[in-house]
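J.: Contents of model.cif (mmCIF, C-alpha atoms and all ligand atoms) are below:
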```cif
data_upload
#
loop_
_atom_site.label_atom_id
_atom_site.label_comp_id
_atom_site.auth_asym_id
_atom_site.auth_seq_id
_atom_site.Cartn_x
_atom_site.Cartn_y
_atom_site.Cartn_z
CA MET W 1 -134.28 -56.17 157.56
CA ALA W 2 -131.78 -59.03 157.44
CA GLN W 3 -128.78 -58.18 155.26
CA VAL W 4 -127.65 -60.51 152.48
CA PRO W 5 -124.22 -61.96 153.35
CA VAL W 6 -121.27 -60.71 151.32
CA ASN W 7 -118.99 -63.36 149.81
CA VAL W 8 -115.35 -62.63 150.66
CA THR W 9 -112.72 -64.80 148.96
CA VAL W 10 -109.24 -64.80 150.50
CA THR W 11 -106.31 -66.50 148.80
CA GLY W 12 -103.25 -67.59 150.76
CA ALA W 13 -105.61 -68.16 153.66
CA ALA W 14 -103.19 -70.38 155.59
CA GLY W 15 -100.38 -67.85 155.40
CA GLN W 16 -99.28 -65.24 157.89
CA ILE W 17 -101.38 -62.40 156.54
CA GLY W 18 -104.33 -64.74 156.20
CA TYR W 19 -104.14 -65.59 159.88
CA ALA W 20 -104.10 -61.91 160.84
CA LEU W 21 -106.85 -61.02 158.36
CA LEU W 22 -109.57 -63.64 158.57
CA PHE W 23 -110.63 -63.03 162.17
CA ARG W 24 -110.96 -59.32 161.54
CA ILE W 25 -113.09 -59.91 158.45
CA ALA W 26 -115.30 -62.34 160.35
CA SER W 27 -115.74 -59.89 163.23
CA GLY W 28 -117.14 -57.22 160.89
CA GLN W 29 -114.16 -54.92 160.53
CA LEU W 30 -113.89 -55.30 156.75
CA LEU W 31 -117.42 -54.36 155.79
CA GLY W 32 -118.99 -52.92 158.92
CA PRO W 33 -120.96 -54.16 161.93
CA ASP W 34 -124.21 -54.83 160.02
CA THR W 35 -122.87 -56.92 157.15
CA PRO W 36 -122.77 -60.71 157.46
CA VAL W 37 -120.03 -62.52 155.55
CA ASN W 38 -119.39 -65.87 153.89
CA LEU W 39 -115.67 -66.62 153.89
CA ARG W 40 -114.31 -68.57 150.93
CA LEU W 41 -110.68 -69.56 151.48
CA LEU W 42 -108.35 -70.58 148.67
CA GLU W 43 -105.11 -72.44 149.29
CA ILE W 44 -102.75 -74.72 147.43
CA PRO W 45 -103.49 -78.41 148.14
CA GLN W 46 -100.55 -78.77 150.58
CA ALA W 47 -101.93 -75.97 152.75
CA VAL W 48 -105.60 -76.87 152.69
CA GLN W 49 -105.35 -78.75 155.99
CA ALA W 50 -103.84 -75.72 157.70
CA ALA W 51 -106.60 -73.52 156.24
CA GLU W 52 -109.15 -75.97 157.59
CA GLY W 53 -107.55 -75.57 161.02
CA THR W 54 -108.02 -71.81 160.74
CA ALA W 55 -111.62 -72.41 159.68
CA MET W 56 -112.12 -74.45 162.88
CA GLU W 57 -110.78 -71.54 164.91
CA LEU W 58 -113.10 -69.15 163.10
CA ASP W 59 -116.01 -71.40 164.12
CA ASP W 60 -114.75 -71.34 167.67
CA CYS W 61 -115.00 -67.56 167.80
CA ALA W 62 -118.80 -67.74 167.29
CA PHE W 63 -118.73 -64.46 165.35
CA PRO W 64 -122.35 -63.33 164.92
CA LEU W 65 -121.66 -61.98 161.41
CA LEU W 66 -119.89 -65.08 160.08
CA ARG W 67 -122.39 -67.14 158.10
CA SER W 68 -120.06 -69.74 156.57
CA VAL W 69 -116.44 -70.72 155.96
CA ASP W 70 -115.45 -72.90 153.02
CA VAL W 71 -111.97 -74.01 152.03
CA PHE W 72 -111.02 -74.67 148.39
CA ASP W 73 -107.98 -75.63 146.38
CA ASP W 74 -109.71 -74.71 143.14
CA ALA W 75 -109.83 -71.05 142.09
CA ARG W 76 -113.05 -71.36 140.07
CA GLN W 77 -114.91 -72.64 143.11
CA ALA W 78 -113.32 -70.16 145.49
CA PHE W 79 -114.17 -67.09 143.41
CA ASP W 80 -117.67 -68.25 142.49
CA GLY W 81 -120.00 -65.42 143.56
CA ALA W 82 -117.18 -63.40 145.18
CA ASN W 83 -118.11 -59.82 146.03
CA VAL W 84 -114.73 -59.06 147.58
CA ALA W 85 -111.56 -60.89 146.50
CA LEU W 86 -108.41 -60.49 148.57
CA LEU W 87 -105.51 -61.95 146.60
CA VAL W 88 -102.90 -62.51 149.26
CA GLY W 89 -101.20 -65.78 148.28
CA ALA W 90 -98.23 -65.28 145.98
CA ARG W 91 -94.91 -66.84 145.08
CA PRO W 92 -92.15 -65.22 147.16
CA ARG W 93 -88.78 -64.36 145.70
CA THR W 94 -86.27 -67.07 146.53
CA LYS W 95 -82.50 -67.04 146.35
CA GLY W 96 -81.10 -66.57 142.86
CA MET W 97 -84.47 -65.68 141.37
CA GLU W 98 -84.42 -62.84 138.84
CA ARG W 99 -87.28 -60.38 138.56
CA GLY W 100 -88.45 -62.03 135.34
CA ASP W 101 -88.58 -65.43 137.08
CA LEU W 102 -90.60 -63.94 139.91
CA LEU W 103 -93.07 -62.32 137.51
CA GLU W 104 -93.40 -65.57 135.57
CA ALA W 105 -93.99 -67.65 138.71
CA ASN W 106 -96.66 -65.21 139.84
CA GLY W 107 -98.19 -65.21 136.39
CA GLY W 108 -98.89 -68.89 137.03
CA ILE W 109 -101.01 -67.85 140.02
CA PHE W 110 -102.63 -64.57 138.99
CA LYS W 111 -103.57 -65.51 135.41
CA PRO W 112 -105.81 -68.42 136.44
CA GLN W 113 -107.17 -66.41 139.36
CA GLY W 114 -108.09 -63.55 136.99
CA GLU W 115 -109.79 -66.09 134.71
CA ALA W 116 -111.69 -67.56 137.64
CA ILE W 117 -112.85 -64.10 138.75
CA ASN W 118 -113.97 -63.42 135.20
CA ALA W 119 -115.84 -66.70 135.04
CA GLY W 120 -117.76 -66.63 138.26
CA ALA W 121 -117.32 -63.62 140.54
CA ALA W 122 -120.28 -61.35 141.27
CA ASP W 123 -120.80 -58.37 138.96
CA ASP W 124 -119.78 -55.96 141.71
CA VAL W 125 -116.57 -57.83 142.63
CA ARG W 126 -113.86 -55.68 144.21
CA VAL W 127 -110.38 -57.13 143.90
CA LEU W 128 -107.46 -56.15 146.13
CA VAL W 129 -104.08 -57.71 145.34
CA VAL W 130 -101.73 -57.90 148.32
CA GLY W 131 -99.35 -60.64 147.14
CA ASN W 132 -96.13 -59.24 145.69
CA PRO W 133 -95.20 -57.88 143.24
CA ALA W 134 -98.67 -56.52 143.95
CA ASN W 135 -99.09 -53.95 141.16
CA SER W 136 -98.02 -56.32 138.39
CA ASN W 137 -99.89 -59.27 139.86
CA ALA W 138 -103.02 -57.10 139.82
CA LEU W 139 -102.35 -56.21 136.19
CA ILE W 140 -101.99 -59.88 135.25
CA ALA W 141 -105.25 -60.81 137.00
CA GLN W 142 -107.05 -57.84 135.43
CA ALA W 143 -105.80 -58.73 131.96
CA HIS W 144 -107.46 -62.12 132.28
CA ALA W 145 -110.80 -60.78 133.43
CA PRO W 146 -112.01 -58.86 130.37
CA ASP W 147 -115.64 -58.88 131.50
CA VAL W 148 -114.89 -57.18 134.82
CA PRO W 149 -114.44 -53.39 134.72
CA ALA W 150 -110.70 -52.68 135.02
CA GLU W 151 -111.27 -50.24 137.90
CA GLN W 152 -112.45 -53.15 140.04
CA PHE W 153 -108.82 -54.39 140.21
CA THR W 154 -106.56 -52.66 142.72
CA ALA W 155 -103.25 -53.33 144.48
CA MET W 156 -102.34 -52.43 148.03
CA THR W 157 -100.29 -49.37 148.92
CA ARG W 158 -102.35 -48.59 152.02
CA LEU W 159 -99.67 -50.13 154.22
CA ASP W 160 -97.15 -47.68 152.76
CA HIS W 161 -99.66 -44.87 153.34
CA ASN W 162 -100.14 -45.88 156.98
CA ARG W 163 -96.38 -46.17 157.46
CA ALA W 164 -95.91 -42.66 156.08
CA LEU W 165 -98.63 -41.29 158.40
CA SER W 166 -96.91 -42.80 161.44
CA GLN W 167 -93.45 -41.56 160.49
CA LEU W 168 -94.69 -38.02 159.85
CA ALA W 169 -96.77 -37.95 163.04
CA LYS W 170 -93.71 -38.97 165.07
CA LYS W 171 -91.55 -36.30 163.45
CA LEU W 172 -94.13 -33.56 164.09
CA ASN W 173 -95.18 -34.90 167.48
CA VAL W 174 -98.85 -34.92 166.43
CA GLN W 175 -101.53 -37.61 166.33
CA VAL W 176 -101.91 -39.48 163.02
CA SER W 177 -105.50 -38.21 162.93
CA GLU W 178 -104.18 -34.64 162.64
CA ILE W 179 -102.54 -35.46 159.28
CA LYS W 180 -104.62 -35.44 156.09
CA LYS W 181 -103.94 -35.86 152.39
CA LEU W 182 -100.70 -37.81 152.36
CA THR W 183 -100.00 -39.66 149.13
CA ILE W 184 -98.06 -42.72 148.04
CA TRP W 185 -97.29 -42.61 144.32
CA GLY W 186 -96.17 -45.45 142.05
CA ASN W 187 -95.19 -49.01 142.81
CA HIS W 188 -95.40 -50.99 146.07
CA SER W 189 -91.63 -51.31 146.03
CA ALA W 190 -88.60 -49.38 147.21
CA THR W 191 -89.13 -46.87 144.37
CA GLN W 192 -92.48 -45.70 145.75
CA TYR W 193 -92.74 -41.99 146.54
CA PRO W 194 -94.40 -40.90 149.78
CA ASP W 195 -95.46 -37.27 149.16
CA ILE W 196 -96.04 -34.82 152.00
CA PHE W 197 -96.26 -31.70 149.82
CA HIS W 198 -100.06 -31.79 149.67
CA ALA W 199 -100.47 -33.16 153.16
CA GLU W 200 -102.24 -30.96 155.69
CA VAL W 201 -101.26 -30.83 159.32
CA ASN W 202 -103.33 -28.51 161.46
CA GLY W 203 -103.77 -25.86 158.79
CA THR W 204 -100.35 -25.97 157.15
CA THR W 205 -98.79 -28.29 154.57
CA GLY W 206 -96.83 -31.32 155.70
CA ALA W 207 -93.66 -30.06 154.05
CA ALA W 208 -93.93 -26.61 155.69
CA ALA W 209 -94.68 -28.20 159.06
CA VAL W 210 -91.58 -30.39 158.74
CA ASN W 211 -89.37 -27.69 157.21
CA ASP W 212 -86.46 -30.10 157.11
CA GLN W 213 -85.43 -31.08 153.59
CA ALA W 214 -82.61 -33.33 154.80
CA TRP W 215 -85.03 -35.34 156.97
CA LEU W 216 -87.48 -35.59 154.09
CA GLU W 217 -84.87 -36.84 151.62
CA ASN W 218 -82.58 -38.88 153.84
CA GLU W 219 -84.94 -40.26 156.46
CA PHE W 220 -88.65 -40.04 155.70
CA ILE W 221 -88.71 -41.18 152.08
CA PRO W 222 -86.21 -44.06 152.47
CA THR W 223 -87.70 -45.19 155.79
CA VAL W 224 -91.19 -45.50 154.31
CA ALA W 225 -89.99 -46.99 151.03
CA LYS W 226 -87.74 -49.58 152.67
CA ARG W 227 -89.96 -50.35 155.67
CA GLY W 228 -91.02 -53.70 154.24
CA ALA W 229 -87.39 -54.85 154.05
CA ALA W 230 -86.69 -53.48 157.55
CA ILE W 231 -89.60 -55.51 158.96
CA ILE W 232 -88.31 -58.65 157.24
CA GLU W 233 -84.86 -58.00 158.70
CA ALA W 234 -86.27 -57.49 162.22
CA ARG W 235 -88.98 -60.17 162.29
CA GLY W 236 -87.43 -62.74 159.99
CA ALA W 237 -90.72 -62.67 158.07
CA SER W 238 -92.58 -60.02 156.13
CA SER W 239 -95.14 -57.76 157.74
CA ALA W 240 -98.36 -59.61 158.43
CA ALA W 241 -100.64 -57.91 160.98
CA SER W 242 -99.92 -54.45 159.56
CA ALA W 243 -100.50 -55.74 156.03
CA ALA W 244 -103.79 -57.33 157.10
CA ASN W 245 -104.76 -54.07 158.79
CA ALA W 246 -104.05 -52.12 155.62
CA ALA W 247 -106.13 -54.55 153.55
CA ILE W 248 -109.03 -54.00 155.96
CA ASP W 249 -108.59 -50.20 155.68
CA HIS W 250 -108.48 -50.36 151.86
CA VAL W 251 -111.65 -52.41 151.42
CA TYR W 252 -113.54 -50.65 154.22
CA ASP W 253 -112.93 -47.26 152.61
CA TRP W 254 -113.68 -48.58 149.13
CA VAL W 255 -117.08 -49.87 150.25
CA ASN W 256 -118.01 -47.18 152.79
CA GLY W 257 -116.29 -44.09 151.31
CA THR W 258 -113.30 -42.05 152.44
CA PRO W 259 -113.91 -39.28 155.00
CA GLU W 260 -114.69 -35.78 153.67
CA GLY W 261 -111.64 -33.53 153.62
CA ASP W 262 -109.14 -36.34 153.32
CA TRP W 263 -107.90 -38.86 150.83
CA THR W 264 -105.93 -42.07 150.94
CA SER W 265 -103.58 -44.02 148.65
CA ALA W 266 -104.37 -47.04 146.53
CA ALA W 267 -102.88 -48.57 143.40
CA VAL W 268 -105.62 -48.25 140.79
CA MET W 269 -105.79 -48.44 137.01
CA SER W 270 -104.27 -45.28 135.56
CA ASP W 271 -106.40 -43.22 133.19
CA GLY W 272 -103.33 -41.17 132.27
CA SER W 273 -103.66 -38.83 135.27
CA TYR W 274 -100.43 -37.13 136.37
CA GLY W 275 -98.58 -38.48 133.34
CA VAL W 276 -98.84 -42.09 134.53
CA PRO W 277 -99.32 -44.18 131.36
CA GLU W 278 -102.85 -45.42 130.92
CA GLY W 279 -103.33 -49.05 131.88
CA LEU W 280 -100.68 -49.22 134.60
CA ILE W 281 -101.88 -50.08 138.10
CA SER W 282 -100.12 -47.36 140.04
CA SER W 283 -100.60 -45.74 143.43
CA PHE W 284 -102.40 -42.38 143.45
CA PRO W 285 -104.16 -40.09 145.87
CA VAL W 286 -107.71 -41.44 145.82
CA VAL W 287 -111.11 -40.87 147.35
CA SER W 288 -113.93 -43.38 147.35
CA ARG W 289 -117.37 -42.04 146.40
CA GLY W 290 -120.43 -44.14 145.69
CA GLY W 291 -118.39 -47.30 146.09
CA GLN W 292 -115.80 -46.36 143.43
CA TRP W 293 -112.23 -45.12 143.71
CA GLU W 294 -111.58 -41.75 142.05
CA ILE W 295 -108.11 -40.31 141.48
CA VAL W 296 -107.82 -36.88 143.13
CA GLN W 297 -107.26 -34.41 140.30
CA GLY W 298 -105.57 -31.05 139.93
CA LEU W 299 -102.63 -31.35 142.33
CA GLU W 300 -99.56 -29.34 141.42
CA ILE W 301 -96.52 -31.56 141.17
CA ASP W 302 -93.19 -29.78 141.61
CA SER W 303 -89.92 -31.00 140.10
CA PHE W 304 -88.82 -32.79 143.31
CA SER W 305 -92.00 -34.90 143.32
CA ARG W 306 -92.11 -35.29 139.53
CA GLU W 307 -88.67 -36.84 139.44
CA ARG W 308 -89.57 -39.38 142.11
CA ILE W 309 -92.97 -40.27 140.68
CA ASP W 310 -91.33 -40.81 137.30
CA VAL W 311 -88.76 -43.25 138.72
CA SER W 312 -91.43 -45.45 140.26
CA VAL W 313 -93.71 -45.27 137.23
CA LYS W 314 -90.77 -46.22 134.99
CA GLU W 315 -90.29 -49.33 137.12
CA LEU W 316 -93.98 -50.17 136.68
CA SER W 317 -93.67 -49.73 132.91
CA GLU W 318 -90.66 -52.06 132.88
CA GLU W 319 -92.58 -54.66 134.89
CA ARG W 320 -95.43 -54.37 132.40
CA GLU W 321 -93.01 -54.87 129.50
CA ALA W 322 -91.57 -57.94 131.24
CA ILE W 323 -94.98 -59.53 131.80
CA ALA W 324 -96.03 -58.62 128.26
CA LYS W 325 -92.94 -60.49 126.96
CA LEU W 326 -94.08 -63.49 128.98
CA GLY W 327 -97.50 -63.23 127.32
CA LEU W 328 -99.17 -62.48 130.66
CA VAL W 329 -100.85 -59.21 129.67
P1 LIG E 401 -97.05 -66.58 153.54
O1 LIG E 401 -95.95 -67.27 152.79
O2 LIG E 401 -97.12 -66.69 155.03
O3 LIG E 401 -98.44 -67.07 152.98
C1 LIG E 401 -98.73 -67.15 151.63
C2 LIG E 401 -99.78 -68.23 151.46
O4 LIG E 401 -100.19 -68.22 150.10
C3 LIG E 401 -99.26 -69.65 151.75
O5 LIG E 401 -100.10 -70.27 152.70
C4 LIG E 401 -99.33 -70.33 150.39
O6 LIG E 401 -99.64 -71.71 150.50
C5 LIG E 401 -100.44 -69.55 149.72
N1 LIG E 401 -100.45 -69.64 148.26
C6 LIG E 401 -99.40 -69.72 147.41
N2 LIG E 401 -99.84 -69.87 146.15
C7 LIG E 401 -101.18 -69.86 146.21
C8 LIG E 401 -102.20 -69.99 145.23
N3 LIG E 401 -101.92 -70.17 143.95
N4 LIG E 401 -103.48 -69.94 145.65
C9 LIG E 401 -103.78 -69.79 146.93
N5 LIG E 401 -102.87 -69.68 147.91
C10 LIG E 401 -101.58 -69.70 147.55
O7 LIG E 401 -96.98 -65.06 153.07
P2 LIG E 401 -97.65 -63.79 153.77
O8 LIG E 401 -96.72 -63.25 154.79
O9 LIG E 401 -99.05 -64.10 154.14
O10 LIG E 401 -97.60 -62.76 152.54
C11 LIG E 401 -98.37 -62.97 151.40
C12 LIG E 401 -97.96 -62.02 150.29
O11 LIG E 401 -98.22 -60.68 150.66
C13 LIG E 401 -96.47 -62.06 149.94
O12 LIG E 401 -96.35 -61.96 148.53
C14 LIG E 401 -95.93 -60.79 150.57
O13 LIG E 401 -94.76 -60.33 149.92
C15 LIG E 401 -97.09 -59.86 150.34
N6 LIG E 401 -97.13 -58.64 151.16
C16 LIG E 401 -97.61 -57.52 150.55
C17 LIG E 401 -97.71 -56.34 151.27
C18 LIG E 401 -98.24 -55.08 150.63
O14 LIG E 401 -98.21 -54.02 151.28
N7 LIG E 401 -98.74 -55.09 149.39
C19 LIG E 401 -97.31 -56.31 152.60
C20 LIG E 401 -96.85 -57.48 153.19
C21 LIG E 401 -96.76 -58.65 152.45
C1 LIG E 402 -94.07 -54.98 152.91
O1 LIG E 402 -94.17 -53.87 152.39
O2 LIG E 402 -94.04 -55.15 154.15
C2 LIG E 402 -93.93 -56.20 152.03
O3 LIG E 402 -94.41 -55.92 150.75
C3 LIG E 402 -92.52 -56.68 152.00
C4 LIG E 402 -92.36 -57.98 151.26
O4 LIG E 402 -91.44 -58.04 150.41
O5 LIG E 402 -93.13 -58.93 151.51
#
```
Let me see the structure of the file written as structure tokens.
Ligand code: NAD
Ligand code: LMR
T.:
Amino acid sequence: MAQVPVNVTVTGAAGQIGYALLFRIASGQLLGPDTPVNLRLLEIPQAVQAAEGTAMELDDCAFPLLRSVDVFDDARQAFDGANVALLVGARPRTKGMERGDLLEANGGIFKPQGEAINAGAADDVRVLVVGNPANSNALIAQAHAPDVPAEQFTAMTRLDHNRALSQLAKKLNVQVSEIKKLTIWGNHSATQYPDIFHAEVNGTTGAAAVNDQAWLENEFIPTVAKRGAAIIEARGASSAASAANAAIDHVYDWVNGTPEGDWTSAAVMSDGSYGVPEGLISSFPVVSRGGQWEIVQGLEIDSFSRERIDVSVKELSEEREAIAKLGLV
């Protein structure tokens, strides 16, 4: 039976991540090889022409699953009927900009996008915010979409999760597929906490397999947490293909389920689990079952991890206070 196409809205479509993302969505990697897609691209007016150029290239790939590509500079039109919304476009921090200025500038993007999702997206819309500061941008959009269940709004920490997998695999000289149950906690920022204490590597825990506290504290955690800045330093631009890859991983798992015996990391609405204040969009260990993210429960958190989770969650609370002062949540 012919499948109904899924409407995928991508903001910031003419940007770097957009260019790495759209071709993979159109080839079936986001939703699977049997699911046709309609791409709905949102850009600011100055970048619409570039997005149209990308749309021409998408046509030129003759992807069998790609049913249509439309370019918009109006959020209401772009999110109309959206089943999946990838919010990539954001206002980057520029020289001399304080955190409050950055949050305010992004409020100007994510508030109307949340309203547009509320007004016209499909009932089953799944929202992934990639544009930074991702957790707070997701909170702003969610706050302006009161008719959409809050759990449908997420922010991306899958790139951090994948970075942590690679770093640990290198250290242990194993394949990434041999590592299960890693966790990123907190904010997609340098305060995030990559946790290997519950990770499993061929029958032992990640921490026991490593057995090197100095490496954990002085190399692993800072390398993962500051990887975004290291990529910017090396490339002269922020990560794009790896960010697009992580967005694909996040949505694919959300829709299709996470593998048995493993979990992943995603920033989802806190229900108070692990002492993270309710209503913050924070990274947790999560599984996807029946098309919904669930926070993995019952993990023991020792004082080393507790301290680090608390630092990142405090930063999220401060960001929430700042956007509340601006009237954005
Ligand atoms: P980019 O500057 O190349 O592209 C951003 C695009 O967004 C531009 O084309 C711009 O015109 C567009 N845009 C701006 N405002 C918009 C709006 N209101 N509506 C629609 N489009 C809009 O940036 P990029 O490299 O593609 O990165 C995008 C964002 O993703 C940045 O905020 C970056 O910091 C973030 N990022 C997040 C992660 C993560 O792991 N969460 C990783 C890498 C990058
Ligand atoms: C990343 O983690 O690569 C990005 O979030 C970095 C950035 O500031 O764009």
J.: Give the answer as one residue: which of W:Val255, W:Lys314, W:Gly291, W:Arg40 has the shortest atom-to-atom distance to Val276 (chain W), using only C-alpha atoms?
T.: W:Lys314
J.: Hey, which bits of chain W sit within 8 Å of ligand LIG 401 (chain E), and for each residue what's the closest pair of atoms and how far apart in Å (one decimal), counting all atoms listed in the file, rows by chain and increasing number, as a Markdown table?
T.:
```
| residue | atom | partner | partner_atom | distance |
| --- | --- | --- | --- | --- |
| W:Thr11 | CA | E:LIG401 | C9 | 4.6 |
| W:Gly12 | CA | E:LIG401 | O4 | 3.2 |
| W:Ala13 | CA | E:LIG401 | O5 | 6.0 |
| W:Ala14 | CA | E:LIG401 | O5 | 4.2 |
| W:Gly15 | CA | E:LIG401 | O3 | 3.2 |
| W:Gln16 | CA | E:LIG401 | O2 | 3.9 |
| W:Ile17 | CA | E:LIG401 | O9 | 3.8 |
| W:Gly18 | CA | E:LIG401 | O9 | 5.7 |
| W:Tyr19 | CA | E:LIG401 | O9 | 7.8 |
| W:Leu42 | CA | E:LIG401 | C9 | 5.0 |
| W:Glu43 | CA | E:LIG401 | C9 | 3.8 |
| W:Ile44 | CA | E:LIG401 | C9 | 5.1 |
| W:Gln46 | CA | E:LIG401 | O6 | 7.1 |
| W:Ala47 | CA | E:LIG401 | O6 | 5.3 |
| W:Asp73 | CA | E:LIG401 | C9 | 7.2 |
| W:Ala75 | CA | E:LIG401 | N4 | 7.4 |
| W:Val88 | CA | E:LIG401 | C11 | 5.0 |
| W:Gly89 | CA | E:LIG401 | O4 | 3.2 |
| W:Ala90 | CA | E:LIG401 | O12 | 4.6 |
| W:Arg91 | CA | E:LIG401 | C6 | 5.8 |
| W:Pro92 | CA | E:LIG401 | O12 | 5.5 |
| W:Gly108 | CA | E:LIG401 | N3 | 7.7 |
| W:Ile109 | CA | E:LIG401 | N3 | 4.7 |
| W:Phe110 | CA | E:LIG401 | N3 | 7.5 |
| W:Gln113 | CA | E:LIG401 | N3 | 7.9 |
| W:Val129 | CA | E:LIG401 | N7 | 7.2 |
| W:Val130 | CA | E:LIG401 | N7 | 4.2 |
| W:Gly131 | CA | E:LIG401 | O12 | 3.6 |
| W:Asn132 | CA | E:LIG401 | O12 | 3.9 |
| W:Pro133 | CA | E:LIG401 | O12 | 6.8 |
| W:Ala134 | CA | E:LIG401 | N7 | 5.6 |
| W:Ala155 | CA | E:LIG401 | N7 | 6.9 |
| W:Met156 | CA | E:LIG401 | N7 | 4.7 |
| W:Thr157 | CA | E:LIG401 | O14 | 5.6 |
| W:Arg158 | CA | E:LIG401 | O14 | 6.9 |
| W:Leu159 | CA | E:LIG401 | O14 | 5.1 |
| W:Asp160 | CA | E:LIG401 | O14 | 6.6 |
| W:His188 | CA | E:LIG401 | N7 | 6.2 |
| W:Gly228 | CA | E:LIG401 | C19 | 7.0 |
| W:Ala237 | CA | E:LIG401 | O8 | 6.9 |
| W:Ser238 | CA | E:LIG401 | O8 | 5.4 |
| W:Ser239 | CA | E:LIG401 | C20 | 4.9 |
| W:Ala240 | CA | E:LIG401 | O8 | 5.4 |
| W:Ser242 | CA | E:LIG401 | C19 | 7.7 |
| W:Ala243 | CA | E:LIG401 | C19 | 4.7 |
| W:Ala244 | CA | E:LIG401 | C19 | 8.0 |
| W:Ala246 | CA | E:LIG401 | O14 | 7.5 |
```
J.: Please write as a list in words the list of polymer residues whose atoms come within 12 Å of (-85.2, -37.0, 143.4), counting all atoms listed in the file and keeping to the coordinates of the file.
T.: Thr191, Gln192, Tyr193, Pro194, Asp195, Gln213, Leu216, Glu217, Asn218, Ile221, Pro222, Asp302, Ser303, Phe304, Ser305, Arg306, Glu307, Arg308, Ile309, Asp310, Val311 and Ser312 of chain W
J.: With C-alpha atoms retained, could you export that selection as a JSON list (two decimals), in the coordinates of the input?
T.:
```
[["chain", "number", "residue", "atom", "x", "y", "z"],
["W", 191, "THR", "CA", -89.13, -46.87, 144.37],
["W", 192, "GLN", "CA", -92.48, -45.70, 145.75],
["W", 193, "TYR", "CA", -92.74, -41.99, 146.54],
["W", 194, "PRO", "CA", -94.40, -40.90, 149.78],
["W", 195, "ASP", "CA", -95.46, -37.27, 149.16],
["W", 213, "GLN", "CA", -85.43, -31.08, 153.59],
["W", 216, "LEU", "CA", -87.48, -35.59, 154.09],
["W", 217, "GLU", "CA", -84.87, -36.84, 151.62],
["W", 218, "ASN", "CA", -82.58, -38.88, 153.84],
["W", 221, "ILE", "CA", -88.71, -41.18, 152.08],
["W", 222, "PRO", "CA", -86.21, -44.06, 152.47],
["W", 302, "ASP", "CA", -93.19, -29.78, 141.61],
["W", 303, "SER", "CA", -89.92, -31.00, 140.10],
["W", 304, "PHE", "CA", -88.82, -32.79, 143.31],
["W", 305, "SER", "CA", -92.00, -34.90, 143.32],
["W", 306, "ARG", "CA", -92.11, -35.29, 139.53],
["W", 307, "GLU", "CA", -88.67, -36.84, 139.44],
["W", 308, "ARG", "CA", -89.57, -39.38, 142.11],
["W", 309, "ILE", "CA", -92.97, -40.27, 140.68],
["W", 310, "ASP", "CA", -91.33, -40.81, 137.30],
["W", 311, "VAL", "CA", -88.76, -43.25, 138.72],
["W", 312, "SER", "CA", -91.43, -45.45, 140.26]]
```
J.: From the list W:Gln77, W:Ser265, W:Asn162, W:Gln297, which residue is nearest Pro285 (chain W) when using only C-alpha atoms?
T.: W:Ser265
J.: Which is closest to ligand LIG 402 (chain E) among W:Ala62, W:Ala26, W:Ile232, W:Ala51, if we use all atoms listed in the file?
T.: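 The closest residue to ligand LIG 402 (chain E) is W:Ile232.
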J.: Give me, as a VMD selection string, all polymer residues having an atom no more than 10 Å from Arg76 (chain W), counting all atoms listed in the file and skipping those fewer than 4 positions away in the same chain.
T.: chain W and resid 42 72 80 to 81 112 to 121
J.: Atom O5 of ligand LIG 402 (chain E) to CA of Lys111 (chain W): how many Å, to one decimal?
T.: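 CA of Lys111 (chain W) lies at a distance of 20.3 Å from atom O5 of ligand LIG 402 (chain E).
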J.: Box along x, y and z, 6 Å on every side, all listed atoms of region 67-72 of chain W inside: centre and edge lengths in Å to one decimal, as JSON.
T.:
```
{"center_x": -116.7, "center_y": -70.9, "center_z": 153.2, "size_x": 23.4, "size_y": 19.5, "size_z": 21.7}
```
J.: Between CA of Trp263 (chain W) and CA of Asp249 (chain W), measure the distance and give it in Å to one decimal.
T.: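 CA of Asp249 (chain W) lies 12.4 Å from CA of Trp263 (chain W).
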J.: Which residues, written as a PyMOL selection string, have at least one atom at most 8 Å from Ala55 (chain W), with only C-alpha atoms counted and residues fewer than 4 positions away on the same chain left out?
T.: chain W and resi 51+59+69-71
J.: Convert the current residue selection to file output with C-alpha atoms, as a PDB file, keeping the file's coordinate frame.
T.:
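Now in again_8.pdb:
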```
ATOM      1  CA  ALA W  51    -106.600 -73.520 156.240  1.00  0.00           C
ATOM      2  CA  ASP W  59    -116.010 -71.400 164.120  1.00  0.00           C
ATOM      3  CA  VAL W  69    -116.440 -70.720 155.960  1.00  0.00           C
ATOM      4  CA  ASP W  70    -115.450 -72.900 153.020  1.00  0.00           C
ATOM      5  CA  VAL W  71    -111.970 -74.010 152.030  1.00  0.00           C
TER       6      VAL W  71
END
```
J.: Could you state the separation of CA of Arg163 (chain W) and CA of Ile231 (chain W) in Å, given to one decimal place?
T.: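 Taking CA of Arg163 (chain W) and CA of Ile231 (chain W), their separation equals 11.6 Å.
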J.: Just want the 9 Å neighbourhood of Ala322 (chain W), counted on all atoms listed in the file, with same-chain residues fewer than 5 positions away dropped. Output as a PyMOL selection string.
T.: chain W and resi 99-100+103-104+317+327-328
J.: Using all atoms listed in the file, which protein or nucleic acid residues come within 12 Å of Thr264 (chain W)? Drop anything in the same chain fewer than 3 positions from it, and give the result as a PyMOL selection string.
T.: chain W and resi 156-162+164-165+179-185+194-195+198-199+246+249-254+257-261+267-268+283-288+293-296
J.: Select, from W:Glu52, W:Val6, W:Leu299, W:Asn135, the residue with the minimum atom-to-atom distance to Phe197 (chain W), counting only C-alpha atoms.
T.: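 Smallest distance to Phe197 (chain W) is found for W:Leu299.
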